[in-house]
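See below for work-v9.txt, which holds compact mmCIF, C-alpha atoms and all ligand atoms.
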# COMPACT_ATOMS: atom_id res chain seq x y z
CA MET A 181 -9.71 3.56 -28.62
CA LYS A 182 -8.94 2.06 -25.21
CA LEU A 183 -11.80 2.10 -22.77
CA ALA A 184 -11.60 2.40 -18.99
CA LEU A 185 -12.44 -0.56 -16.76
CA SER A 186 -16.18 -1.10 -16.43
CA ALA A 187 -17.98 0.81 -13.68
CA GLU A 188 -19.12 -2.41 -12.04
CA THR A 189 -15.48 -3.28 -11.30
CA TYR A 190 -15.47 -0.19 -9.07
CA ARG A 191 -18.73 -0.82 -7.26
CA GLU A 192 -19.47 -4.54 -6.97
CA PRO A 193 -18.46 -6.32 -3.75
CA ASP A 194 -17.85 -9.46 -5.86
CA ALA A 195 -15.16 -7.69 -7.90
CA PHE A 196 -13.35 -6.82 -4.67
CA LYS A 197 -13.66 -10.43 -3.47
CA ILE A 198 -11.82 -11.57 -6.60
CA GLU A 199 -9.23 -8.78 -6.33
CA ARG A 200 -8.35 -9.80 -2.77
CA GLN A 201 -6.76 -12.97 -4.16
CA ALA A 202 -5.91 -11.95 -7.72
CA VAL A 203 -4.26 -8.62 -6.85
CA TRP A 204 -3.63 -8.29 -3.12
CA ALA A 205 -2.51 -11.87 -2.41
CA ASN A 206 -0.49 -11.99 -5.61
CA GLU A 207 2.00 -9.12 -5.28
CA TRP A 208 4.62 -7.79 -2.89
CA ILE A 209 2.71 -5.08 -0.96
CA MET A 210 4.29 -2.55 1.39
CA PHE A 211 2.81 -3.04 4.87
CA CYS A 212 4.81 -0.81 7.27
CA THR A 213 8.31 0.56 7.86
CA THR A 214 11.37 -0.75 9.67
CA ALA A 215 10.91 2.11 12.18
CA GLU A 216 8.07 0.05 13.66
CA LEU A 217 9.98 -3.23 13.66
CA SER A 218 13.54 -2.58 14.81
CA GLN A 219 13.82 -4.41 18.17
CA PRO A 220 13.03 -8.04 19.15
CA GLY A 221 9.39 -8.28 20.26
CA GLU A 222 8.18 -5.19 18.37
CA TYR A 223 5.09 -5.86 16.33
CA PHE A 224 2.86 -4.18 13.80
CA ALA A 225 -0.65 -5.55 13.19
CA GLY A 226 -3.22 -4.29 10.73
CA GLU A 227 -5.49 -5.02 7.80
CA LEU A 228 -4.70 -5.25 4.14
CA ALA A 229 -7.61 -5.77 1.76
CA GLY A 230 -9.54 -7.68 4.41
CA PHE A 231 -6.57 -9.80 5.54
CA ASN A 232 -5.55 -9.40 9.18
CA ILE A 233 -1.75 -9.40 9.31
CA LEU A 234 0.80 -9.53 12.13
CA LEU A 235 4.50 -8.79 11.68
CA VAL A 236 6.79 -9.21 14.66
CA VAL A 237 10.54 -9.18 15.29
CA ASP A 238 11.61 -12.57 16.67
CA PRO A 239 14.32 -12.95 19.36
CA GLU A 240 16.98 -13.35 16.64
CA GLY A 241 16.03 -9.98 15.17
CA SER A 242 14.25 -11.27 12.03
CA ILE A 243 10.85 -9.94 11.01
CA VAL A 244 8.37 -12.82 10.83
CA GLY A 245 4.83 -12.57 9.46
CA PHE A 246 1.60 -14.42 10.20
CA HIS A 247 -2.06 -14.05 9.44
CA ASN A 248 -3.32 -12.62 12.73
CA VAL A 249 -5.84 -15.45 12.95
CA CYS A 250 -5.70 -18.17 15.59
CA PRO A 251 -6.39 -21.72 14.34
CA HIS A 252 -8.65 -22.39 17.37
CA ARG A 253 -11.60 -20.04 16.80
CA ALA A 254 -10.12 -17.16 14.79
CA GLY A 255 -8.94 -14.98 17.66
CA VAL A 256 -5.93 -12.68 17.31
CA LEU A 257 -2.35 -12.89 18.53
CA ALA A 258 -2.02 -9.11 18.79
CA TRP A 259 -4.46 -6.24 18.92
CA PRO A 260 -4.39 -3.92 15.92
CA GLY A 261 -1.64 -1.31 15.98
CA GLN A 262 1.94 -1.48 17.13
CA GLY A 263 3.72 -2.36 20.36
CA THR A 264 5.76 -5.12 21.94
CA LEU A 265 5.00 -8.84 22.37
CA GLY A 266 6.93 -11.04 24.79
CA ASN A 267 5.51 -14.15 23.14
CA LEU A 268 2.77 -15.24 20.76
CA VAL A 269 -0.32 -15.93 22.86
CA CYS A 270 -3.86 -15.72 21.49
CA LYS A 271 -5.89 -12.94 23.09
CA TYR A 272 -9.09 -15.03 23.06
CA HIS A 273 -8.39 -18.30 24.96
CA GLY A 274 -4.65 -18.15 25.49
CA TRP A 275 -3.20 -20.71 23.11
CA ALA A 276 0.57 -20.15 22.94
CA PHE A 277 2.68 -20.40 19.76
CA GLY A 278 6.42 -20.43 19.08
CA TRP A 279 8.09 -17.80 16.91
CA ASP A 280 7.92 -20.35 14.08
CA GLY A 281 4.11 -20.27 14.37
CA ASN A 282 3.77 -23.82 15.80
CA LEU A 283 1.46 -24.43 18.76
CA LYS A 284 3.31 -24.81 22.06
CA SER A 285 0.32 -25.22 24.33
CA ALA A 286 -3.46 -25.22 24.03
CA ARG A 287 -4.30 -23.76 27.42
CA ASP A 288 -6.57 -26.04 29.54
CA PHE A 289 -7.98 -27.66 26.40
CA GLY A 290 -8.99 -30.89 28.16
CA ASN A 291 -7.65 -33.34 25.60
CA ASP A 292 -4.09 -34.65 25.26
CA GLU A 293 -4.50 -35.93 21.69
CA PRO A 294 -2.18 -34.02 19.37
CA LEU A 295 -3.90 -31.56 17.07
CA CYS A 296 -3.34 -31.78 13.31
CA ALA A 297 -1.18 -29.14 11.59
CA GLU A 298 -4.18 -27.23 10.27
CA HIS A 299 -5.42 -26.75 13.83
CA SER A 300 -2.11 -26.02 15.46
CA GLU A 301 -0.12 -23.72 13.17
CA LEU A 302 -0.38 -20.04 12.48
CA LYS A 303 -0.48 -19.31 8.75
CA LYS A 304 2.84 -17.77 7.74
CA ILE A 305 3.31 -14.72 5.54
CA ARG A 306 6.44 -13.90 3.57
CA VAL A 307 8.18 -10.67 4.57
CA GLU A 308 11.03 -8.84 2.83
CA THR A 309 12.42 -5.35 3.18
CA TRP A 310 13.73 -2.74 0.79
CA GLY A 311 15.56 0.01 2.70
CA PRO A 312 13.12 1.26 5.36
CA LEU A 313 10.04 -0.26 3.67
CA VAL A 314 8.62 -3.60 4.83
CA PHE A 315 6.65 -5.65 2.29
CA VAL A 316 4.49 -8.75 2.61
CA HIS A 317 3.43 -11.32 0.02
CA LEU A 318 0.28 -13.23 0.95
CA GLY A 319 0.74 -15.88 -1.74
CA GLU A 320 3.64 -17.69 -3.37
CA PRO A 321 5.95 -15.03 -4.84
CA ALA A 322 7.39 -15.78 -8.26
CA GLN A 323 10.29 -13.39 -7.50
CA SER A 324 12.04 -11.91 -4.52
CA LEU A 325 10.90 -8.41 -3.57
CA ILE A 326 14.09 -6.83 -4.92
CA ASP A 327 13.82 -8.65 -8.26
CA SER A 328 10.17 -7.70 -8.55
CA LEU A 329 10.96 -4.02 -7.91
CA GLY A 330 13.34 -4.18 -10.90
CA GLY A 331 14.25 -0.83 -12.48
CA LEU A 332 12.32 1.19 -9.91
CA ILE A 333 15.22 0.77 -7.48
CA ALA A 334 17.66 2.46 -9.87
CA LYS A 335 15.24 5.40 -10.23
CA THR A 336 15.61 6.12 -6.50
CA GLU A 337 19.41 5.88 -6.38
CA SER A 338 20.17 9.49 -7.28
CA PHE A 339 18.41 10.59 -4.06
CA PRO A 340 20.17 10.45 -0.65
CA VAL A 341 17.51 8.18 0.84
CA GLU A 342 19.97 6.82 3.44
CA THR A 343 20.15 10.32 4.98
CA PHE A 344 16.37 10.41 5.55
CA SER A 345 14.80 9.33 8.86
CA TYR A 346 11.25 8.18 9.41
CA ALA A 347 9.14 11.01 10.76
CA ARG A 348 5.38 10.49 10.62
CA ARG A 349 2.38 8.60 9.23
CA MET A 350 -0.86 10.16 8.08
CA THR A 351 -3.91 8.06 7.20
CA ARG A 352 -7.12 9.25 5.61
CA GLU A 353 -10.26 7.27 4.72
CA LEU A 354 -11.96 7.97 1.40
CA ALA A 355 -15.47 6.88 0.38
CA CYS A 356 -14.42 5.34 -2.91
CA ASN A 357 -13.06 2.16 -4.41
CA TRP A 358 -9.25 1.90 -4.25
CA LYS A 359 -8.99 1.92 -8.06
CA THR A 360 -10.86 5.22 -8.29
CA TYR A 361 -8.07 6.86 -6.31
CA VAL A 362 -5.26 5.01 -8.13
CA ASP A 363 -6.70 6.07 -11.51
CA ASN A 364 -6.72 9.65 -10.30
CA TYR A 365 -3.12 9.36 -9.07
CA LEU A 366 -1.97 8.01 -12.42
CA GLU A 367 -2.75 11.05 -14.56
CA GLY A 368 -1.88 14.73 -14.52
CA TYR A 369 -4.75 15.53 -16.91
CA HIS A 370 -6.85 16.93 -14.04
CA VAL A 371 -4.13 19.11 -12.45
CA GLN A 372 -5.06 22.33 -14.27
CA LEU A 373 -8.70 22.02 -13.22
CA LEU A 374 -8.43 20.71 -9.68
CA HIS A 375 -5.05 21.58 -8.17
CA PRO A 376 -4.52 25.37 -8.43
CA SER A 377 -1.28 25.53 -6.42
CA LEU A 378 0.27 22.52 -8.18
CA ASN A 379 -0.75 24.03 -11.49
CA ARG A 380 1.07 27.27 -10.61
CA ALA A 381 4.21 25.36 -9.59
CA LEU A 382 4.40 23.11 -12.68
CA LYS A 383 4.79 23.71 -16.39
CA MET A 384 1.83 21.52 -17.28
CA SER A 385 2.61 21.34 -21.01
CA SER A 386 5.68 19.24 -20.01
CA TYR A 387 3.68 16.79 -17.82
CA LYS A 388 4.32 13.21 -18.88
CA VAL A 389 3.52 9.78 -17.46
CA SER A 390 5.46 6.75 -18.73
CA VAL A 391 5.30 3.02 -17.93
CA HIS A 392 8.48 0.99 -17.34
CA ASP A 393 9.14 -2.78 -17.15
CA ASP A 394 5.37 -3.35 -16.96
CA SER A 395 5.72 -2.79 -13.21
CA TYR A 396 6.00 0.90 -12.44
CA CYS A 397 5.10 4.35 -13.75
CA VAL A 398 7.04 7.61 -13.68
CA HIS A 399 5.44 11.07 -13.60
CA GLU A 400 7.68 13.83 -14.95
CA CYS A 401 7.09 17.56 -15.16
CA GLU A 402 9.26 20.68 -15.29
CA PRO A 403 8.79 23.38 -12.66
CA SER A 404 7.07 26.52 -13.98
CA ASP A 405 9.93 28.81 -12.91
CA GLY A 406 12.42 27.11 -15.23
CA SER A 407 14.46 25.54 -12.39
CA PRO A 408 15.74 21.96 -12.89
CA VAL A 409 13.39 19.08 -12.03
CA ALA A 410 14.00 18.37 -8.36
CA GLY A 411 12.00 15.24 -7.65
CA ALA A 412 10.93 11.82 -8.88
CA TRP A 413 7.36 10.58 -8.70
CA LEU A 414 7.14 6.81 -8.99
CA PHE A 415 4.16 4.46 -8.83
CA ARG A 416 4.49 0.73 -8.41
CA TYR A 417 1.60 -1.64 -9.18
CA PRO A 418 -0.80 -2.06 -7.50
CA ASN A 419 -0.78 0.65 -4.82
CA LEU A 420 2.55 2.24 -3.92
CA ALA A 421 3.61 5.79 -4.78
CA ILE A 422 7.07 7.06 -3.87
CA ASN A 423 7.50 10.81 -4.08
CA LEU A 424 11.21 11.62 -3.79
CA TYR A 425 12.99 14.95 -3.26
CA PRO A 426 16.60 15.77 -2.36
CA SER A 427 15.61 16.55 1.25
CA GLY A 428 12.99 13.87 1.94
CA MET A 429 10.32 11.59 0.56
CA ASN A 430 6.75 10.66 1.15
CA VAL A 431 5.67 7.12 0.52
CA GLU A 432 1.99 6.84 -0.26
CA ARG A 433 -0.10 3.67 -0.18
CA ILE A 434 -3.65 3.17 -1.41
CA ILE A 435 -5.23 0.39 0.63
CA PRO A 436 -8.73 -0.99 0.21
CA VAL A 437 -10.63 -1.59 3.44
CA GLY A 438 -13.71 -2.77 1.55
CA HIS A 439 -15.06 -2.44 -1.99
CA ASP A 440 -16.25 1.11 -1.27
CA ARG A 441 -13.71 2.46 1.24
CA THR A 442 -10.03 3.18 0.86
CA HIS A 443 -7.27 4.29 3.14
CA VAL A 444 -4.64 6.62 1.73
CA VAL A 445 -1.58 6.30 3.96
CA TYR A 446 1.45 8.59 3.79
CA ASP A 447 4.76 7.79 5.48
CA TYR A 448 7.06 10.81 5.65
CA PHE A 449 10.85 10.52 5.72
CA ALA A 450 13.17 13.52 5.79
CA PHE A 451 16.70 14.71 6.44
CA ASP A 452 15.28 17.48 8.65
CA THR A 453 12.69 15.85 10.91
CA SER A 454 11.96 19.04 12.85
CA GLU A 455 8.29 19.66 13.60
CA ASP A 456 8.19 22.67 11.24
CA ASN A 457 9.61 20.78 8.27
CA ILE A 458 7.39 17.73 8.71
CA ALA A 459 4.31 19.89 9.30
CA GLN A 460 5.05 21.63 6.01
CA MET A 461 5.38 18.30 4.14
CA VAL A 462 2.10 17.07 5.67
CA ALA A 463 0.30 20.34 4.84
CA MET A 464 1.38 20.11 1.19
CA SER A 465 0.04 16.57 0.79
CA ASN A 466 -3.14 17.44 2.73
CA GLU A 467 -3.93 20.25 0.32
CA ILE A 468 -3.58 18.01 -2.74
CA LEU A 469 -5.36 15.12 -1.01
CA ASP A 470 -8.33 17.36 -0.10
CA GLU A 471 -8.71 18.21 -3.78
CA ASP A 472 -8.30 14.61 -4.94
CA GLN A 473 -10.64 13.22 -2.27
CA TYR A 474 -13.37 15.65 -3.31
CA ILE A 475 -13.34 14.57 -6.97
CA CYS A 476 -12.76 10.84 -6.27
CA GLU A 477 -15.82 10.63 -3.99
CA ILE A 478 -17.97 12.41 -6.59
CA VAL A 479 -16.68 10.12 -9.36
CA GLN A 480 -17.40 7.07 -7.19
CA LYS A 481 -21.04 8.15 -6.75
CA ASN A 482 -21.32 8.44 -10.53
CA LEU A 483 -19.72 5.01 -11.02
CA ASP A 484 -22.27 3.66 -8.53
CA SER A 485 -25.22 5.33 -10.26
CA GLY A 486 -25.56 2.95 -13.20
CA ILE A 487 -25.48 5.86 -15.69
CA TYR A 488 -21.86 5.39 -16.75
CA GLU A 489 -20.29 2.21 -18.11
CA ALA A 490 -16.73 2.81 -19.45
CA GLY A 491 -15.32 5.92 -21.15
CA PRO A 492 -12.36 6.44 -23.51
CA LEU A 493 -8.82 6.86 -22.16
CA SER A 494 -6.63 9.69 -23.48
CA PRO A 495 -3.62 8.34 -25.40
CA ARG A 496 -1.75 11.49 -24.41
CA HIS A 497 -2.53 11.68 -20.70
CA GLU A 498 -3.94 8.35 -19.51
CA VAL A 499 -1.33 5.75 -20.50
CA GLY A 500 -0.71 5.10 -16.80
CA LEU A 501 -4.39 4.24 -16.28
CA GLU A 502 -4.40 2.07 -19.38
CA TRP A 503 -1.46 0.07 -18.02
CA PHE A 504 -2.83 -0.16 -14.46
CA GLN A 505 -6.33 -1.09 -15.56
CA SER A 506 -5.11 -3.74 -17.99
CA LYS A 507 -3.08 -5.33 -15.18
CA VAL A 508 -6.17 -5.36 -12.94
CA LYS A 509 -8.27 -6.75 -15.79
CA ASN A 510 -5.75 -9.54 -16.44
CA ALA A 511 -5.60 -10.34 -12.72
CA LEU A 512 -9.40 -10.57 -12.53
CA LEU A 513 -9.47 -12.90 -15.55
CA SER A 514 -6.65 -15.18 -14.38
S1 LIG B 601 -9.25 -18.38 19.34
FE1 LIG B 601 -7.18 -18.44 19.89
S2 LIG B 601 -7.13 -19.63 21.68
FE2 LIG B 601 -9.21 -19.62 21.08
FE FE B 602 -4.77 14.94 -8.18
Please re-express this file's structure in structure tokens.
Ligand code: FES
Ligand SMILES: [Fe+2]
Amino acid sequence: MKLALSAETYREPDAFKIERQAVWANEWIMFCTTAELSQPGEYFAGELAGFNILLVVDPEGSIVGFHNVCPHRAGVLAWPGQGTLGNLVCKYHGWAFGWDGNLKSARDFGNDEPLCAEHSELKKIRVETWGPLVFVHLGEPAQSLIDSLGGLIAKTESFPVETFSYARRMTRELACNWKTYVDNYLEGYHVQLLHPSLNRALKMSSYKVSVHDDSYCVHECEPSDGSPVAGAWLFRYPNLAINLYPSGMNVERIIPVGHDRTHVVYDYFAFDTSEDNIAQMVAMSNEILDEDQYICEIVQKNLDSGIYEAGPLSPRHEVGLEWFQSKVKNALLS
């Protein structure tokens, strides 16, 4: 019998410290969309698992990435959020950097001696895109983004993704560890008990989760009214869910902002980006997310309580968790 990851992995700050390197700095992770980074000078700055990241479009039109950390005294090159930068100048004391991340001038520093590389270069981050999704890799990638996505790309090709436009982002903060929410995402075992409207729409006896290429999961289920399956529900390790339909998609990310807090971020893309259509897409995910948030925060309290250690995983319904948790376990041990 396979057991779940131990409860301490979900509650200990030390486990999250290890995961920051072993998981989050060791994978291609989606960070934003090309809608935010289409013109020279446009930037997007934000946090990912405690790393402060800045992506900006250079004058040649390429997206370049840096840790948003100045080598002088850890100031930032851009405030969090999105906007436009004319150049890379630290907000704290005004050191100026080129688009390659090298120091151009240390404003009024009072010493003409050249500074060593460690003190004069922004730390670079690798950036690659897949369609409208922008990914970063905070370490040394063993594969390009496209190679690492593997068979997941083919799973999206029967949908007219190129006809969808970016419409909206929704972010919600949950009081739980990121893995508590991912575990919940990776099984349909709870649908009949916690998601009444989803349960009515789906023929739950046909619900199936399968793992492919050791890198992504597919959820499949027939609609309850006998109509053909209309969508594809894909999950890529460690935190990216792509929910595809013929008329649009929502791309969901599960992002730790600490060991006990998680952001769930949805990016909505659709053929029809009218307010009514997008509001309907958002309302549908809000309803399901309300139900999932409620149970995940209760489960987290129980994981924190010291009463539970690690329970058995269902071979029928929890193969996705087994795969995800074994990847996390291997990352923590490596
Ligand atoms: S921290 Fe950036 S110039 Fe001082
Ligand atoms: Fe759920």
Taking a cut-off of 7 Å and counting all atoms listed in the file, can you build a table that, for each residue of chain A near ligand LIG 601 (chain B), reports the nearest atom pair and how far apart they are in Å (one decimal), sorted by chain then residue number, as a tab-separated table?
residue	atom	partner	partner_atom	distance
A:Cys250	CA	B:LIG601	FE1	4.6
A:Pro251	CA	B:LIG601	FE1	6.5
A:His252	CA	B:LIG601	S1	4.5
A:Arg253	CA	B:LIG601	S1	3.8
A:Ala254	CA	B:LIG601	S1	4.8
A:Gly255	CA	B:LIG601	S1	3.8
A:Val256	CA	B:LIG601	FE1	6.4
A:Cys270	CA	B:LIG601	FE1	4.6
A:Lys271	CA	B:LIG601	FE1	6.5
A:Tyr272	CA	B:LIG601	FE2	5.0
A:His273	CA	B:LIG601	S2	3.8
A:Gly274	CA	B:LIG601	S2	4.8
A:Trp275	CA	B:LIG601	S2	4.3
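For the set A:His370, A:His439, A:Arg380, A:His392, the residue with the smallest atom-to-atom gap to ligand FE 602 (chain B) is A:His370, counting only C-alpha atoms and all ligand atoms.
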**OP:** Please indicate the distance in Å from atom CA of Glu467 of chain A to atom CA of Leu493 of chain A, rounded to one decimal place.
**Re:** 26.6 Å
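For the residues A:Asp288, A:Glu471, A:Asp280, A:Asp447, ranking by smallest atom-to-atom distance to Ile422 of chain A using only C-alpha atoms places A:Asp447 first.
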If you take only C-alpha atoms and all ligand atoms and a cut-off of 8 Å, which residues of chain A touch ligand FE 602 (chain B), and what are their nearest atom pairs and distances in Å to one decimal, in chain and number order, as JSON lines?
{"residue": "A:Asn364", "atom": "CA", "partner": "B:FE602", "partner_atom": "FE", "distance": 6.0}
{"residue": "A:Tyr365", "atom": "CA", "partner": "B:FE602", "partner_atom": "FE", "distance": 5.9}
{"residue": "A:Glu367", "atom": "CA", "partner": "B:FE602", "partner_atom": "FE", "distance": 7.7}
{"residue": "A:Gly368", "atom": "CA", "partner": "B:FE602", "partner_atom": "FE", "distance": 7.0}
{"residue": "A:His370", "atom": "CA", "partner": "B:FE602", "partner_atom": "FE", "distance": 6.5}
{"residue": "A:Val371", "atom": "CA", "partner": "B:FE602", "partner_atom": "FE", "distance": 6.0}
{"residue": "A:Leu374", "atom": "CA", "partner": "B:FE602", "partner_atom": "FE", "distance": 7.0}
{"residue": "A:His375", "atom": "CA", "partner": "B:FE602", "partner_atom": "FE", "distance": 6.6}
{"residue": "A:Ile468", "atom": "CA", "partner": "B:FE602", "partner_atom": "FE", "distance": 6.4}
{"residue": "A:Leu469", "atom": "CA", "partner": "B:FE602", "partner_atom": "FE", "distance": 7.2}
{"residue": "A:Glu471", "atom": "CA", "partner": "B:FE602", "partner_atom": "FE", "distance": 6.8}
{"residue": "A:Asp472", "atom": "CA", "partner": "B:FE602", "partner_atom": "FE", "distance": 4.8}
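Nearest to Tyr223 of chain A of all the residues A:Gly428, A:Pro436, A:Gly261, A:Pro376 is A:Gly261, based on all atoms listed in the file.
Closest approach to Gly330 of chain A among A:Glu227, A:Asp394, A:Glu502, A:Glu293: A:Asp394, based on all atoms listed in the file.
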Original post:
Which residues, written as number ranges by chain, have at least one atom at most 12 Å from Phe211 of chain A, with only C-alpha atoms counted and residues fewer than 5 positions away on the same chain left out?
Top reply: A: 204, 216-217, 224-229, 231-235, 245, 305-310, 312-318, 419-420, 431-435, 445-447
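In terms of minimum interatomic distance to Glu188 of chain A, A:Ile487 ranks closest within A:Leu354, A:Leu501, A:Leu265, A:Ile487, counting all atoms listed in the file.
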Original post:
Which one of A:Thr264, A:Ser242, A:Asn291, A:Gln201 sits closest to Gly221 of chain A if you count only C-alpha atoms?
Top reply: A:Thr264
Find the residues around Asp470 of chain A up to 12 Å (only C-alpha atoms counted), leave out those fewer than 6 positions away in its own chain, and share them as a compact mmCIF listing (two decimals) with C-alpha atoms, in the frame of the given file.
# COMPACT_ATOMS: atom_id res chain seq x y z
CA ARG A 352 -7.12 9.25 5.61
CA GLU A 353 -10.26 7.27 4.72
CA LEU A 354 -11.96 7.97 1.40
CA LEU A 374 -8.43 20.71 -9.68
CA HIS A 375 -5.05 21.58 -8.17
CA VAL A 444 -4.64 6.62 1.73
CA VAL A 462 2.10 17.07 5.67
CA ALA A 463 0.30 20.34 4.84
CA MET A 464 1.38 20.11 1.19
CA CYS A 476 -12.76 10.84 -6.27
CA GLU A 477 -15.82 10.63 -3.99
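One finds atom CA of Arg416 of chain A at 24.7 Å from atom CA of Leu483 of chain A.
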Subject >> Within 9 Å of Asp405 of chain A using all atoms listed in the file, minus same-chain residues under 5 positions, as a PyMOL selection string >> reply: chain A and resi 381-383
**OP:** Could you jot down the atom CA of Glu320 of chain A to atom CA of Val203 of chain A separation for me, Å, one decimal place?
**Re:** 12.5 Å
**OP:** Just give me the residues with any atom within 12 Å of (-4.7, -25.3, 13.4), file coordinates, counting all atoms listed in the file, written as number ranges by chain.
**Re:** A: 249-255, 275, 277, 281-284, 286, 294-303
Please produce segment 359-381 of chain A, completed to N, CA and C atoms, as a short mmCIF file (atom, residue, chain, number, x, y, z; two decimals), in the frame of the given file.
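Saved to part-v4.cif:
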data_model
loop_
_atom_site.label_atom_id
_atom_site.label_comp_id
_atom_site.auth_asym_id
_atom_site.auth_seq_id
_atom_site.Cartn_x
_atom_site.Cartn_y
_atom_site.Cartn_z
N LYS A 359 -9.43 1.66 -6.68
CA LYS A 359 -8.99 1.92 -8.06
C LYS A 359 -9.38 3.32 -8.52
N THR A 360 -10.46 3.86 -7.94
CA THR A 360 -10.86 5.22 -8.29
C THR A 360 -9.75 6.20 -7.91
N TYR A 361 -9.16 5.98 -6.75
CA TYR A 361 -8.07 6.86 -6.31
C TYR A 361 -6.79 6.59 -7.10
N VAL A 362 -6.49 5.31 -7.37
CA VAL A 362 -5.26 5.01 -8.13
C VAL A 362 -5.37 5.62 -9.53
N ASP A 363 -6.52 5.46 -10.18
CA ASP A 363 -6.70 6.07 -11.51
C ASP A 363 -6.38 7.55 -11.46
N ASN A 364 -6.92 8.21 -10.45
CA ASN A 364 -6.72 9.65 -10.30
C ASN A 364 -5.24 9.98 -10.10
N TYR A 365 -4.56 9.13 -9.31
CA TYR A 365 -3.12 9.36 -9.07
C TYR A 365 -2.33 9.25 -10.37
N LEU A 366 -2.80 8.38 -11.27
CA LEU A 366 -1.97 8.01 -12.42
C LEU A 366 -2.06 8.97 -13.61
N GLU A 367 -2.75 10.07 -13.46
CA GLU A 367 -2.75 11.05 -14.56
C GLU A 367 -2.62 12.47 -14.02
N GLY A 368 -2.00 13.32 -14.87
CA GLY A 368 -1.88 14.73 -14.52
C GLY A 368 -2.88 15.57 -15.31
N TYR A 369 -3.76 14.88 -16.03
CA TYR A 369 -4.75 15.53 -16.91
C TYR A 369 -5.65 16.48 -16.11
N HIS A 370 -5.90 16.13 -14.83
CA HIS A 370 -6.85 16.93 -14.04
C HIS A 370 -6.17 18.07 -13.27
N VAL A 371 -4.84 18.16 -13.33
CA VAL A 371 -4.13 19.11 -12.45
C VAL A 371 -4.58 20.55 -12.69
N GLN A 372 -4.70 20.93 -13.98
CA GLN A 372 -5.06 22.33 -14.27
C GLN A 372 -6.44 22.70 -13.75
N LEU A 373 -7.33 21.71 -13.67
CA LEU A 373 -8.70 22.02 -13.22
C LEU A 373 -8.87 21.91 -11.71
N LEU A 374 -8.12 21.01 -11.08
CA LEU A 374 -8.43 20.71 -9.68
C LEU A 374 -7.34 21.07 -8.66
N HIS A 375 -6.13 21.30 -9.12
CA HIS A 375 -5.05 21.58 -8.17
C HIS A 375 -4.42 22.94 -8.48
N PRO A 376 -5.03 24.05 -8.04
CA PRO A 376 -4.52 25.37 -8.43
C PRO A 376 -3.07 25.62 -8.03
N SER A 377 -2.66 25.20 -6.82
CA SER A 377 -1.28 25.53 -6.42
C SER A 377 -0.27 24.66 -7.17
N LEU A 378 -0.62 23.40 -7.40
CA LEU A 378 0.27 22.52 -8.18
C LEU A 378 0.38 23.05 -9.61
N ASN A 379 -0.73 23.50 -10.13
CA ASN A 379 -0.75 24.03 -11.49
C ASN A 379 0.16 25.26 -11.63
N ARG A 380 0.20 26.08 -10.58
CA ARG A 380 1.07 27.27 -10.61
C ARG A 380 2.55 26.85 -10.55
N ALA A 381 2.81 25.76 -9.80
CA ALA A 381 4.21 25.36 -9.59
C ALA A 381 4.79 24.59 -10.77
#
